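Undergrad: Pasting in a structure now, in structure tokens, and then I'll have a few things to ask.
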Amino acid sequence: QAQLVESGGGSVQAGGSLRLSCAISGYTFRPYCLGWFRQAPGNEREGVAVINSAGFTSYADSVKGRFTISQDNAKNTLYLQMNSLKPEDTAMYYCAAAFSGSWASLGRRRPTDFAAWGQGTQVTVSS
């Protein structure tokens with residue numbers, strides 16, 4: 001069973017940057033798609049960015065131009081570079097993996113399409 005462990009969260013002032021990492025292990029077949037999701041108190045979990053094995057990416061409109069998702073297959077690690085952070089980016093950030101599905105579906109960043117999840121890392125942006 002795949003295991004995902006996030007790191008890199010923390011507290012930062014608005015305009016600052018953070019880089020999240022997600023170490024992935026324990027899978028038999030390499031995930032087809034990896035993603036970052038976030039959930040703020042009282043809100044539903046939302047897809048921030050996803051990337052498939054071919055390197056195609058999809059971003060939420062709210063983070064386009066500020067966040068960059070990337071993967072290092074040799075290190076089995078997923079990253080999220082977050083720049084120009086805003087207070088509304090404050091949330092628990094989760095990485096997730098999907099082992100099946102089409103890019104047409106997974107590119108929509110729906111949490112229900114992802115089967116394996118990490119425990120999350122908190123990001124807090126102060127104004």
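Ordering of the structure tokens sets the chain letters (A, B, ...); residue numbers start at 1 within each chain; ligands are numbered from 1 in the order shown.
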Quick one: residues within 12 Å of range 20-30 of chain A, only C-alpha atoms counted, chain neighbours fewer than 5 positions away excluded, as a PyMOL selection string?

TA: chain A and resi 1-10+35-37+52-53+67-83+92-100+115-123

Undergrad: Produce a file of the selected residues containing C-alpha atoms, as a short mmCIF file (atom, residue, chain, number, x, y, z; two decimals), in the first residue's frame.

TA:
```
data_model
loop_
_atom_site.label_atom_id
_atom_site.label_comp_id
_atom_site.auth_asym_id
_atom_site.auth_seq_id
_atom_site.Cartn_x
_atom_site.Cartn_y
_atom_site.Cartn_z
CA GLN A 1 0.00 0.00 0.00
CA ALA A 2 1.36 3.39 -0.96
CA GLN A 3 2.56 5.68 1.78
CA LEU A 4 2.80 9.46 1.36
CA VAL A 5 4.54 11.75 3.83
CA GLU A 6 4.38 15.52 3.46
CA SER A 7 6.86 18.04 4.82
CA GLY A 8 7.79 21.68 4.40
CA GLY A 9 4.77 23.42 5.83
CA GLY A 10 5.06 26.32 8.24
CA GLY A 35 -1.51 15.93 -6.67
CA TRP A 36 -1.62 18.55 -3.96
CA PHE A 37 -4.88 19.35 -2.23
CA ASN A 52 0.67 12.98 -14.37
CA SER A 53 3.46 10.59 -15.28
CA PHE A 67 2.44 27.69 -7.45
CA THR A 68 4.45 25.10 -9.36
CA ILE A 69 4.04 21.34 -9.02
CA SER A 70 6.93 19.06 -9.94
CA GLN A 71 8.11 15.51 -9.37
CA ASP A 72 11.45 13.79 -9.06
CA ASN A 73 10.94 10.20 -10.10
CA ALA A 74 14.44 9.16 -9.02
CA LYS A 75 13.69 10.36 -5.49
CA ASN A 76 10.02 9.32 -5.51
CA THR A 77 9.17 12.80 -4.33
CA LEU A 78 6.50 15.31 -5.26
CA TYR A 79 6.98 19.04 -4.73
CA LEU A 80 4.88 22.16 -4.57
CA GLN A 81 6.71 25.45 -4.85
CA MET A 82 4.48 28.18 -3.48
CA ASN A 83 5.38 31.81 -4.16
CA MET A 92 -3.76 21.92 5.62
CA TYR A 93 -2.02 20.70 2.48
CA TYR A 94 -2.20 17.06 1.44
CA CYS A 95 -0.48 15.10 -1.27
CA ALA A 96 -2.33 12.27 -2.97
CA ALA A 97 -1.80 9.60 -5.60
CA ALA A 98 -4.02 8.09 -8.26
CA PHE A 99 -3.16 4.75 -9.81
CA SER A 100 -5.81 4.66 -12.51
CA ALA A 115 -6.85 6.73 -3.73
CA ALA A 116 -3.85 7.28 -1.45
CA TRP A 117 -3.32 10.24 0.86
CA GLY A 118 -0.74 11.67 3.20
CA GLN A 119 -1.44 13.05 6.66
CA GLY A 120 -1.02 16.66 5.65
CA THR A 121 1.22 19.61 6.48
CA GLN A 122 -0.06 22.93 7.75
CA VAL A 123 0.58 26.16 5.87
#
```

Undergrad: Taking the backbone alone, and naming residues the way the document does, which bits of range 48-117 of chain A are strand (DSSP E) by DSSP, as a ChimeraX atom specification?

TA: /A:48-52,57-59,67-72,77-82,91-98,116-117

Undergrad: Could you save the residues just selected, with N, CA and C atoms, as a PDB file, in the first residue's frame?

TA:
```
ATOM      1  N   VAL A  48      -5.385  21.624  -5.629  1.00  0.00           N
ATOM      2  CA  VAL A  48      -4.520  22.769  -5.900  1.00  0.00           C
ATOM      3  C   VAL A  48      -3.775  22.576  -7.216  1.00  0.00           C
ATOM      4  N   ALA A  49      -3.135  21.427  -7.366  1.00  0.00           N
ATOM      5  CA  ALA A  49      -2.354  21.150  -8.568  1.00  0.00           C
ATOM      6  C   ALA A  49      -2.148  19.649  -8.689  1.00  0.00           C
ATOM      7  N   VAL A  50      -2.155  19.154  -9.923  1.00  0.00           N
ATOM      8  CA  VAL A  50      -1.890  17.745 -10.167  1.00  0.00           C
ATOM      9  C   VAL A  50      -0.913  17.618 -11.327  1.00  0.00           C
ATOM     10  N   ILE A  51      -0.219  16.480 -11.355  1.00  0.00           N
ATOM     11  CA  ILE A  51       0.746  16.216 -12.421  1.00  0.00           C
ATOM     12  C   ILE A  51       0.685  14.729 -12.754  1.00  0.00           C
ATOM     13  N   ASN A  52       0.709  14.395 -14.027  1.00  0.00           N
ATOM     14  CA  ASN A  52       0.674  12.978 -14.372  1.00  0.00           C
ATOM     15  C   ASN A  52       2.070  12.477 -14.737  1.00  0.00           C
ATOM     16  N   THR A  57       0.360  19.036 -16.332  1.00  0.00           N
ATOM     17  CA  THR A  57      -0.058  19.630 -15.071  1.00  0.00           C
ATOM     18  C   THR A  57      -1.400  20.337 -15.208  1.00  0.00           C
ATOM     19  N   SER A  58      -2.059  20.476 -14.073  1.00  0.00           N
ATOM     20  CA  SER A  58      -3.321  21.206 -14.009  1.00  0.00           C
ATOM     21  C   SER A  58      -3.355  21.952 -12.681  1.00  0.00           C
ATOM     22  N   TYR A  59      -3.719  23.234 -12.728  1.00  0.00           N
ATOM     23  CA  TYR A  59      -3.724  24.066 -11.534  1.00  0.00           C
ATOM     24  C   TYR A  59      -5.100  24.683 -11.294  1.00  0.00           C
ATOM     25  N   PHE A  67       2.037  29.017  -7.913  1.00  0.00           N
ATOM     26  CA  PHE A  67       2.443  27.694  -7.450  1.00  0.00           C
ATOM     27  C   PHE A  67       2.948  26.870  -8.625  1.00  0.00           C
ATOM     28  N   THR A  68       3.923  26.009  -8.340  1.00  0.00           N
ATOM     29  CA  THR A  68       4.448  25.099  -9.356  1.00  0.00           C
ATOM     30  C   THR A  68       4.570  23.697  -8.774  1.00  0.00           C
ATOM     31  N   ILE A  69       3.943  22.736  -9.431  1.00  0.00           N
ATOM     32  CA  ILE A  69       4.043  21.342  -9.022  1.00  0.00           C
ATOM     33  C   ILE A  69       5.124  20.665  -9.857  1.00  0.00           C
ATOM     34  N   SER A  70       5.897  19.788  -9.221  1.00  0.00           N
ATOM     35  CA  SER A  70       6.926  19.056  -9.942  1.00  0.00           C
ATOM     36  C   SER A  70       7.159  17.720  -9.244  1.00  0.00           C
ATOM     37  N   GLN A  71       7.833  16.824  -9.942  1.00  0.00           N
ATOM     38  CA  GLN A  71       8.107  15.509  -9.370  1.00  0.00           C
ATOM     39  C   GLN A  71       9.512  15.082  -9.732  1.00  0.00           C
ATOM     40  N   ASP A  72      10.129  14.373  -8.830  1.00  0.00           N
ATOM     41  CA  ASP A  72      11.447  13.789  -9.057  1.00  0.00           C
ATOM     42  C   ASP A  72      11.279  12.284  -8.956  1.00  0.00           C
ATOM     43  N   THR A  77       9.600  11.649  -5.109  1.00  0.00           N
ATOM     44  CA  THR A  77       9.171  12.798  -4.334  1.00  0.00           C
ATOM     45  C   THR A  77       8.384  13.768  -5.211  1.00  0.00           C
ATOM     46  N   LEU A  78       7.341  14.287  -4.632  1.00  0.00           N
ATOM     47  CA  LEU A  78       6.498  15.305  -5.262  1.00  0.00           C
ATOM     48  C   LEU A  78       6.743  16.621  -4.543  1.00  0.00           C
ATOM     49  N   TYR A  79       6.746  17.724  -5.303  1.00  0.00           N
ATOM     50  CA  TYR A  79       6.984  19.037  -4.732  1.00  0.00           C
ATOM     51  C   TYR A  79       5.870  20.010  -5.087  1.00  0.00           C
ATOM     52  N   LEU A  80       5.732  21.024  -4.249  1.00  0.00           N
ATOM     53  CA  LEU A  80       4.875  22.157  -4.571  1.00  0.00           C
ATOM     54  C   LEU A  80       5.613  23.420  -4.145  1.00  0.00           C
ATOM     55  N   GLN A  81       6.082  24.174  -5.125  1.00  0.00           N
ATOM     56  CA  GLN A  81       6.712  25.454  -4.851  1.00  0.00           C
ATOM     57  C   GLN A  81       5.633  26.508  -4.809  1.00  0.00           C
ATOM     58  N   MET A  82       5.533  27.196  -3.677  1.00  0.00           N
ATOM     59  CA  MET A  82       4.478  28.184  -3.479  1.00  0.00           C
ATOM     60  C   MET A  82       5.122  29.554  -3.291  1.00  0.00           C
ATOM     61  N   ALA A  91      -4.093  26.726   4.975  1.00  0.00           N
ATOM     62  CA  ALA A  91      -4.851  25.468   4.959  1.00  0.00           C
ATOM     63  C   ALA A  91      -3.925  24.326   5.341  1.00  0.00           C
ATOM     64  N   MET A  92      -4.519  23.164   5.539  1.00  0.00           N
ATOM     65  CA  MET A  92      -3.756  21.920   5.617  1.00  0.00           C
ATOM     66  C   MET A  92      -3.563  21.431   4.193  1.00  0.00           C
ATOM     67  N   TYR A  93      -2.338  21.142   3.830  1.00  0.00           N
ATOM     68  CA  TYR A  93      -2.018  20.696   2.479  1.00  0.00           C
ATOM     69  C   TYR A  93      -1.728  19.197   2.492  1.00  0.00           C
ATOM     70  N   TYR A  94      -2.339  18.498   1.549  1.00  0.00           N
ATOM     71  CA  TYR A  94      -2.201  17.056   1.444  1.00  0.00           C
ATOM     72  C   TYR A  94      -1.660  16.683   0.065  1.00  0.00           C
ATOM     73  N   CYS A  95      -0.807  15.667   0.023  1.00  0.00           N
ATOM     74  CA  CYS A  95      -0.479  15.097  -1.273  1.00  0.00           C
ATOM     75  C   CYS A  95      -1.265  13.794  -1.437  1.00  0.00           C
ATOM     76  N   ALA A  96      -1.518  13.438  -2.672  1.00  0.00           N
ATOM     77  CA  ALA A  96      -2.331  12.272  -2.974  1.00  0.00           C
ATOM     78  C   ALA A  96      -1.869  11.635  -4.267  1.00  0.00           C
ATOM     79  N   ALA A  97      -2.195  10.359  -4.413  1.00  0.00           N
ATOM     80  CA  ALA A  97      -1.798   9.597  -5.597  1.00  0.00           C
ATOM     81  C   ALA A  97      -2.991   8.883  -6.197  1.00  0.00           C
ATOM     82  N   ALA A  98      -3.015   8.850  -7.516  1.00  0.00           N
ATOM     83  CA  ALA A  98      -4.018   8.093  -8.261  1.00  0.00           C
ATOM     84  C   ALA A  98      -3.298   7.061  -9.106  1.00  0.00           C
ATOM     85  N   ALA A 116      -4.790   7.308  -2.574  1.00  0.00           N
ATOM     86  CA  ALA A 116      -3.850   7.278  -1.448  1.00  0.00           C
ATOM     87  C   ALA A 116      -3.536   8.704  -1.019  1.00  0.00           C
ATOM     88  N   TRP A 117      -3.464   8.900   0.307  1.00  0.00           N
ATOM     89  CA  TRP A 117      -3.317  10.240   0.861  1.00  0.00           C
ATOM     90  C   TRP A 117      -2.270  10.279   1.960  1.00  0.00           C
TER      91      TRP A 117
END
```

Undergrad: For CA of Phe56 in chain A and CA of Gly15 in chain A, determine how far apart the two atoms are, in Å to one decimal place.

TA: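 Answer for the CA of Phe56 in chain A to CA of Gly15 in chain A separation: 27.0 Å.
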
Undergrad: Between A:Gly42, A:Pro111, A:Gly55, A:Pro87, which has the minimum distance to Gly16 in chain A (counting only C-alpha atoms)?

TA: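 The shortest atom-to-atom distance to Gly16 in chain A comes from A:Pro87.
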
Undergrad: Where does DSSP see alpha helix (DSSP H) in chain A, if you list the residues as a list in words?

TA: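 DSSP on the backbone gives alpha helix (DSSP H) at Trp103, Ala104, Ser105 and Leu106 of chain A.
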
Undergrad: Once you have the residues from the selection above, write them out as a PDB file, in the first residue's frame, restricted to all heavy atoms.

TA:
```pdb
ATOM      1  N   TRP A 103      -6.456  11.235 -17.813  1.00  0.00           N
ATOM      2  CA  TRP A 103      -6.036  12.593 -17.517  1.00  0.00           C
ATOM      3  C   TRP A 103      -7.208  13.554 -17.652  1.00  0.00           C
ATOM      4  O   TRP A 103      -7.301  14.539 -16.914  1.00  0.00           O
ATOM      5  CB  TRP A 103      -4.894  13.009 -18.439  1.00  0.00           C
ATOM      6  CG  TRP A 103      -4.439  14.416 -18.215  1.00  0.00           C
ATOM      7  CD1 TRP A 103      -4.469  15.447 -19.105  1.00  0.00           C
ATOM      8  CD2 TRP A 103      -3.891  14.950 -16.994  1.00  0.00           C
ATOM      9  NE1 TRP A 103      -3.978  16.593 -18.520  1.00  0.00           N
ATOM     10  CE2 TRP A 103      -3.623  16.310 -17.236  1.00  0.00           C
ATOM     11  CE3 TRP A 103      -3.620  14.414 -15.738  1.00  0.00           C
ATOM     12  CZ2 TRP A 103      -3.069  17.146 -16.256  1.00  0.00           C
ATOM     13  CZ3 TRP A 103      -3.071  15.242 -14.769  1.00  0.00           C
ATOM     14  CH2 TRP A 103      -2.803  16.587 -15.025  1.00  0.00           C
ATOM     15  N   ALA A 104      -8.132  13.254 -18.543  1.00  0.00           N
ATOM     16  CA  ALA A 104      -9.305  14.109 -18.711  1.00  0.00           C
ATOM     17  C   ALA A 104     -10.083  14.223 -17.400  1.00  0.00           C
ATOM     18  O   ALA A 104     -10.650  15.271 -17.082  1.00  0.00           O
ATOM     19  CB  ALA A 104     -10.206  13.559 -19.812  1.00  0.00           C
ATOM     20  N   SER A 105     -10.071  13.135 -16.625  1.00  0.00           N
ATOM     21  CA  SER A 105     -10.761  13.144 -15.340  1.00  0.00           C
ATOM     22  C   SER A 105      -9.864  13.663 -14.229  1.00  0.00           C
ATOM     23  O   SER A 105     -10.235  14.554 -13.463  1.00  0.00           O
ATOM     24  CB  SER A 105     -11.258  11.741 -15.012  1.00  0.00           C
ATOM     25  OG  SER A 105     -11.867  11.717 -13.734  1.00  0.00           O
ATOM     26  N   LEU A 106      -8.675  13.104 -14.122  1.00  0.00           N
ATOM     27  CA  LEU A 106      -7.773  13.461 -13.027  1.00  0.00           C
ATOM     28  C   LEU A 106      -7.340  14.918 -13.115  1.00  0.00           C
ATOM     29  O   LEU A 106      -7.067  15.555 -12.089  1.00  0.00           O
ATOM     30  CB  LEU A 106      -6.567  12.536 -13.022  1.00  0.00           C
ATOM     31  CG  LEU A 106      -6.892  11.079 -12.695  1.00  0.00           C
ATOM     32  CD1 LEU A 106      -5.699  10.191 -13.013  1.00  0.00           C
ATOM     33  CD2 LEU A 106      -7.301  10.917 -11.248  1.00  0.00           C
TER      34      LEU A 106
END
```

Undergrad: Give me the residues near Lys86 in chain A as a list in words, where near means some atom within 12 Å (using only C-alpha atoms) and where sequence neighbours in that chain fewer than 4 positions away do not count.

TA: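 Near neighbours after the sequence-gap exclusion: Ser11, Val12, Gln13, Ala14, Gly15, Gly16, Ser17, Leu18, Ser62, Val63, Arg66, Phe67, Met82, Thr90, Ala91, Val123, Thr124, Val125, Ser126 and Ser127 of chain A.
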